[in-house]
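Participant: Attaching a single structure in structure tokens format; questions to follow.
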Amino acid sequence: LTLSEEDGKIVSLDWGWSPLSSDTPFLKKVKNLLDAYFDGLNPQFQLPLNPYGTDFQKKVWHEMSKIPYGKTMTYGELAEKIGSHPRAVGMACGLNPIPIIIPCHRVVGKNGKLTGYSGGDGIKTKSFLLDLEKATSR
């Protein structure tokens with residue numbers, strides 16, 4: 001995973017390594033939180049974030065960030081919370097530039113169906129992350 005920051009705020013988490021990445025004390029702190037996450041712990045990702053996106057996307061990502069560790073919510077439930085449509089929520093999920101920290105993997109289809117994931121190996125990665133969290137529906 002490659003983390004990027006601007007002005008002390010996380011702007012992206014990309015799948016893969018970038019030769020342009022650099023270590024900063026802040027990114028080392030975030031890396032330690034991610035290491036704890038992948039060790040099966042529940043670190044609190046209370047970090048300054050500045051994802052690039054539209055106002056609508058940021059609204060979806062903000063609401064997604066409220067889904068607790070180990071819980072899931074459907075696209076429809078999330079859409080209802082923000083007064084939108086499940087497909088629009090799904091599009092915003094797919095464009096989330098800070099996966100894991102903004103937990104788009106916790107958003108699922110009706111009846112808990114895994115319908116897609118833009119990071120890593122797609123649904124296989126989403127399933128791995130939900131299994132790691134021992135996720136259940138809200």
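All residue names refer to the structure tokens as shown: chains lettered A, B, ... in order, residues numbered from 1 in each chain, ligands numbered from 1 in order.
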Report the residues of chain A whose backbone DSSP state falls under helix (DSSP H, G or I), written as a ChimeraX atom specification.
Facilitator: /A:25-38,55-64,75-82,86-94,104-106,110-112,123-133
Participant: Name the residues of chain A that come out as strand (DSSP E or B) in a backbone DSSP run; write them as a PyMOL selection string.
Facilitator: chain A and resi 2-6+9-14+49+71-74+99+102+107-108+136-137
Participant: Write the residues you've just listed into a file as a PDB file, in the first residue's frame, and include C-alpha atoms for each of them.
Facilitator:
```
ATOM      1  CA  THR A   2       1.186   3.522  -0.726  1.00  0.00           C
ATOM      2  CA  LEU A   3       0.002   6.450   1.395  1.00  0.00           C
ATOM      3  CA  SER A   4       0.118  10.035   0.168  1.00  0.00           C
ATOM      4  CA  GLU A   5      -0.285  13.220   2.158  1.00  0.00           C
ATOM      5  CA  GLU A   6      -0.528  16.911   1.440  1.00  0.00           C
ATOM      6  CA  LYS A   9      -3.577  15.281   5.578  1.00  0.00           C
ATOM      7  CA  ILE A  10      -4.012  11.902   3.910  1.00  0.00           C
ATOM      8  CA  VAL A  11      -5.152  12.322   0.301  1.00  0.00           C
ATOM      9  CA  SER A  12      -4.835   8.762  -0.983  1.00  0.00           C
ATOM     10  CA  LEU A  13      -4.067   5.161  -0.189  1.00  0.00           C
ATOM     11  CA  ASP A  14      -3.148   3.225  -3.311  1.00  0.00           C
ATOM     12  CA  LEU A  49      -8.084  13.447   5.639  1.00  0.00           C
ATOM     13  CA  LYS A  71     -20.062  -3.908  10.881  1.00  0.00           C
ATOM     14  CA  THR A  72     -21.525  -3.504   7.409  1.00  0.00           C
ATOM     15  CA  MET A  73     -24.197  -1.347   5.825  1.00  0.00           C
ATOM     16  CA  THR A  74     -25.920  -1.781   2.477  1.00  0.00           C
ATOM     17  CA  PRO A  99      -9.784   2.762   1.162  1.00  0.00           C
ATOM     18  CA  ILE A 102     -12.508   5.394   4.707  1.00  0.00           C
ATOM     19  CA  VAL A 107     -20.645  -1.235   2.254  1.00  0.00           C
ATOM     20  CA  VAL A 108     -22.377  -4.276   0.783  1.00  0.00           C
ATOM     21  CA  THR A 136     -21.598  -8.567  10.654  1.00  0.00           C
ATOM     22  CA  SER A 137     -24.469  -6.417   9.473  1.00  0.00           C
TER      23      SER A 137
END
```
Participant: Can you work out the spacing between CA of Cys93 (chain A) and CA of Lys31 (chain A) in Å, to one decimal?
Facilitator: 22.5 Å
Participant: I want to know what sits within 9 Å of Leu129 (chain A), based on only C-alpha atoms, with residues of the same chain fewer than 4 positions away left out; could you give that as a VMD selection string?
Facilitator: chain A and resid 38 100 105 to 106 124 to 125 133 to 135
Participant: Please write the residues from the selection above to a file, keeping N, CA, C and O atoms, as a PDB file, in the first residue's frame.
Facilitator:
```pdb
ATOM      1  N   PHE A  38      -4.096  -4.658  10.027  1.00  0.00           N
ATOM      2  CA  PHE A  38      -3.849  -5.946   9.377  1.00  0.00           C
ATOM      3  C   PHE A  38      -3.436  -7.035  10.360  1.00  0.00           C
ATOM      4  O   PHE A  38      -3.457  -8.215  10.020  1.00  0.00           O
ATOM      5  N   ILE A 100      -9.861   1.501   3.190  1.00  0.00           N
ATOM      6  CA  ILE A 100      -9.541   0.991   4.525  1.00  0.00           C
ATOM      7  C   ILE A 100      -9.761   2.084   5.556  1.00  0.00           C
ATOM      8  O   ILE A 100     -10.551   1.916   6.467  1.00  0.00           O
ATOM      9  N   HIS A 105     -15.102  -0.907   2.089  1.00  0.00           N
ATOM     10  CA  HIS A 105     -15.292  -2.361   2.095  1.00  0.00           C
ATOM     11  C   HIS A 105     -16.454  -2.773   3.000  1.00  0.00           C
ATOM     12  O   HIS A 105     -16.983  -3.869   2.852  1.00  0.00           O
ATOM     13  N   ARG A 106     -16.881  -1.890   3.886  1.00  0.00           N
ATOM     14  CA  ARG A 106     -17.989  -2.197   4.803  1.00  0.00           C
ATOM     15  C   ARG A 106     -19.359  -1.939   4.174  1.00  0.00           C
ATOM     16  O   ARG A 106     -20.374  -2.150   4.830  1.00  0.00           O
ATOM     17  N   LYS A 124     -12.367 -10.269  -3.804  1.00  0.00           N
ATOM     18  CA  LYS A 124     -11.505 -11.122  -2.973  1.00  0.00           C
ATOM     19  C   LYS A 124     -10.875 -10.289  -1.839  1.00  0.00           C
ATOM     20  O   LYS A 124     -10.822 -10.724  -0.692  1.00  0.00           O
ATOM     21  N   THR A 125     -10.434  -9.087  -2.150  1.00  0.00           N
ATOM     22  CA  THR A 125      -9.847  -8.204  -1.137  1.00  0.00           C
ATOM     23  C   THR A 125     -10.915  -7.717  -0.167  1.00  0.00           C
ATOM     24  O   THR A 125     -10.693  -7.678   1.050  1.00  0.00           O
ATOM     25  N   GLU A 133     -12.101  -8.317   9.964  1.00  0.00           N
ATOM     26  CA  GLU A 133     -12.875  -7.593  10.971  1.00  0.00           C
ATOM     27  C   GLU A 133     -13.973  -8.454  11.605  1.00  0.00           C
ATOM     28  O   GLU A 133     -14.661  -8.005  12.511  1.00  0.00           O
ATOM     29  N   LYS A 134     -14.136  -9.682  11.083  1.00  0.00           N
ATOM     30  CA  LYS A 134     -15.236 -10.557  11.546  1.00  0.00           C
ATOM     31  C   LYS A 134     -16.560  -9.792  11.446  1.00  0.00           C
ATOM     32  O   LYS A 134     -17.354  -9.740  12.373  1.00  0.00           O
ATOM     33  N   ALA A 135     -16.762  -9.194  10.286  1.00  0.00           N
ATOM     34  CA  ALA A 135     -17.873  -8.261  10.069  1.00  0.00           C
ATOM     35  C   ALA A 135     -19.247  -8.941  10.100  1.00  0.00           C
ATOM     36  O   ALA A 135     -19.419 -10.060   9.650  1.00  0.00           O
TER      37      ALA A 135
END
```
Participant: Need to verify the contact set: region 44-47 of chain A, 10 Å, only C-alpha atoms, exclusion of same-chain residues closer than 5 positions in sequence. Can you return it as a PyMOL selection string?
Facilitator: chain A and resi 8-10+26+29-30+33-34+36-37+65+69+100-102
Participant: Got time to write the residues from that selection, N, CA, C and O atoms, as a PDB file, in the first residue's frame?
Facilitator:
```pdb
ATOM      1  N   GLY A   8      -0.054  17.624   5.654  1.00  0.00           N
ATOM      2  CA  GLY A   8      -0.364  16.894   6.878  1.00  0.00           C
ATOM      3  C   GLY A   8      -1.707  16.188   6.876  1.00  0.00           C
ATOM      4  O   GLY A   8      -2.205  15.808   7.929  1.00  0.00           O
ATOM      5  N   LYS A   9      -2.293  15.985   5.685  1.00  0.00           N
ATOM      6  CA  LYS A   9      -3.577  15.281   5.578  1.00  0.00           C
ATOM      7  C   LYS A   9      -3.443  14.172   4.545  1.00  0.00           C
ATOM      8  O   LYS A   9      -2.838  14.369   3.489  1.00  0.00           O
ATOM      9  N   ILE A  10      -4.033  13.014   4.849  1.00  0.00           N
ATOM     10  CA  ILE A  10      -4.012  11.902   3.910  1.00  0.00           C
ATOM     11  C   ILE A  10      -4.902  12.245   2.720  1.00  0.00           C
ATOM     12  O   ILE A  10      -6.047  12.657   2.892  1.00  0.00           O
ATOM     13  N   PHE A  26       4.376  11.644  10.014  1.00  0.00           N
ATOM     14  CA  PHE A  26       2.929  11.433   9.954  1.00  0.00           C
ATOM     15  C   PHE A  26       2.597  10.140   9.221  1.00  0.00           C
ATOM     16  O   PHE A  26       1.776   9.339   9.685  1.00  0.00           O
ATOM     17  N   LYS A  29       3.228   7.123  11.282  1.00  0.00           N
ATOM     18  CA  LYS A  29       2.150   6.917  12.255  1.00  0.00           C
ATOM     19  C   LYS A  29       0.979   6.188  11.602  1.00  0.00           C
ATOM     20  O   LYS A  29       0.426   5.239  12.162  1.00  0.00           O
ATOM     21  N   VAL A  30       0.608   6.629  10.397  1.00  0.00           N
ATOM     22  CA  VAL A  30      -0.505   5.992   9.688  1.00  0.00           C
ATOM     23  C   VAL A  30      -0.140   4.559   9.322  1.00  0.00           C
ATOM     24  O   VAL A  30      -0.962   3.648   9.437  1.00  0.00           O
ATOM     25  N   LEU A  33      -0.723   2.377  12.225  1.00  0.00           N
ATOM     26  CA  LEU A  33      -2.156   2.109  12.388  1.00  0.00           C
ATOM     27  C   LEU A  33      -2.616   1.033  11.398  1.00  0.00           C
ATOM     28  O   LEU A  33      -3.371   0.129  11.752  1.00  0.00           O
ATOM     29  N   LEU A  34      -2.139   1.111  10.157  1.00  0.00           N
ATOM     30  CA  LEU A  34      -2.498   0.104   9.160  1.00  0.00           C
ATOM     31  C   LEU A  34      -1.922  -1.261   9.524  1.00  0.00           C
ATOM     32  O   LEU A  34      -2.583  -2.288   9.352  1.00  0.00           O
ATOM     33  N   ALA A  36      -1.439  -2.337  12.535  1.00  0.00           N
ATOM     34  CA  ALA A  36      -2.306  -2.824  13.611  1.00  0.00           C
ATOM     35  C   ALA A  36      -3.610  -3.356  13.028  1.00  0.00           C
ATOM     36  O   ALA A  36      -4.117  -4.400  13.454  1.00  0.00           O
ATOM     37  N   TYR A  37      -4.151  -2.649  12.039  1.00  0.00           N
ATOM     38  CA  TYR A  37      -5.387  -3.096  11.383  1.00  0.00           C
ATOM     39  C   TYR A  37      -5.177  -4.487  10.771  1.00  0.00           C
ATOM     40  O   TYR A  37      -5.982  -5.397  10.971  1.00  0.00           O
ATOM     41  N   SER A  65     -17.467   6.638   6.802  1.00  0.00           N
ATOM     42  CA  SER A  65     -16.485   6.636   7.898  1.00  0.00           C
ATOM     43  C   SER A  65     -17.132   6.375   9.248  1.00  0.00           C
ATOM     44  O   SER A  65     -16.444   6.041  10.212  1.00  0.00           O
ATOM     45  N   TYR A  69     -16.078  -0.546  12.908  1.00  0.00           N
ATOM     46  CA  TYR A  69     -15.235  -1.714  12.642  1.00  0.00           C
ATOM     47  C   TYR A  69     -16.059  -2.976  12.903  1.00  0.00           C
ATOM     48  O   TYR A  69     -16.761  -3.083  13.903  1.00  0.00           O
ATOM     49  N   ILE A 100      -9.861   1.501   3.190  1.00  0.00           N
ATOM     50  CA  ILE A 100      -9.541   0.991   4.525  1.00  0.00           C
ATOM     51  C   ILE A 100      -9.761   2.084   5.556  1.00  0.00           C
ATOM     52  O   ILE A 100     -10.551   1.916   6.467  1.00  0.00           O
ATOM     53  N   ILE A 101      -9.071   3.214   5.419  1.00  0.00           N
ATOM     54  CA  ILE A 101      -9.240   4.309   6.371  1.00  0.00           C
ATOM     55  C   ILE A 101     -10.646   4.903   6.226  1.00  0.00           C
ATOM     56  O   ILE A 101     -11.310   5.172   7.219  1.00  0.00           O
ATOM     57  N   ILE A 102     -11.092   5.121   4.991  1.00  0.00           N
ATOM     58  CA  ILE A 102     -12.508   5.394   4.707  1.00  0.00           C
ATOM     59  C   ILE A 102     -13.041   4.036   4.255  1.00  0.00           C
ATOM     60  O   ILE A 102     -12.769   3.602   3.140  1.00  0.00           O
TER      61      ILE A 102
END
```
Participant: Which one of A:Pro51, A:Gly83, A:Gly119, A:Pro68 sits closest to Pro97 (chain A) if you count only C-alpha atoms?
Facilitator: A:Pro51
Participant: Write out as a JSON list (two decimals) with N, CA and C atoms, in the first residue's frame the residues lying within 8 Å of Gly76 (chain A), counting only C-alpha atoms and excluding same-chain residues fewer than 4 positions away.
Facilitator:
```json
[["chain", "number", "residue", "atom", "x", "y", "z"],
["A", 80, "GLU", "N", -30.09, 5.98, 1.90],
["A", 80, "GLU", "CA", -31.22, 6.53, 2.66],
["A", 80, "GLU", "C", -30.73, 7.56, 3.68],
["A", 85, "HIS", "N", -29.44, 7.76, -3.89],
["A", 85, "HIS", "CA", -29.79, 6.50, -4.54],
["A", 85, "HIS", "C", -28.63, 5.51, -4.38],
["A", 86, "PRO", "N", -28.93, 4.22, -4.19],
["A", 86, "PRO", "CA", -27.86, 3.23, -3.99],
["A", 86, "PRO", "C", -26.80, 3.22, -5.10],
["A", 109, "GLY", "N", -24.00, -5.11, -0.79],
["A", 109, "GLY", "CA", -25.28, -5.14, -1.48],
["A", 109, "GLY", "C", -26.38, -5.69, -0.58],
["A", 110, "LYS", "N", -27.57, -5.78, -1.14],
["A", 110, "LYS", "CA", -28.71, -6.34, -0.40],
["A", 110, "LYS", "C", -28.35, -7.71, 0.15]]
```
Participant: Looking at A:Ser127, A:Glu77, A:Ala92, A:Val60, which one is nearest to Asn111 (chain A), with distances taken over only C-alpha atoms?
Facilitator: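 The closest residue to Asn111 (chain A) is A:Glu77.
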Participant: Using CA of Cys104 (chain A) and CA of Met64 (chain A) as the two end points, give the distance in Å to one decimal.
Facilitator: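 The value is 6.5 Å.
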Participant: At what distance in Å, to one decimal, does CA of Pro48 (chain A) lie from CA of Asp35 (chain A)?
Facilitator: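 These two atoms are separated by 18.3 Å.
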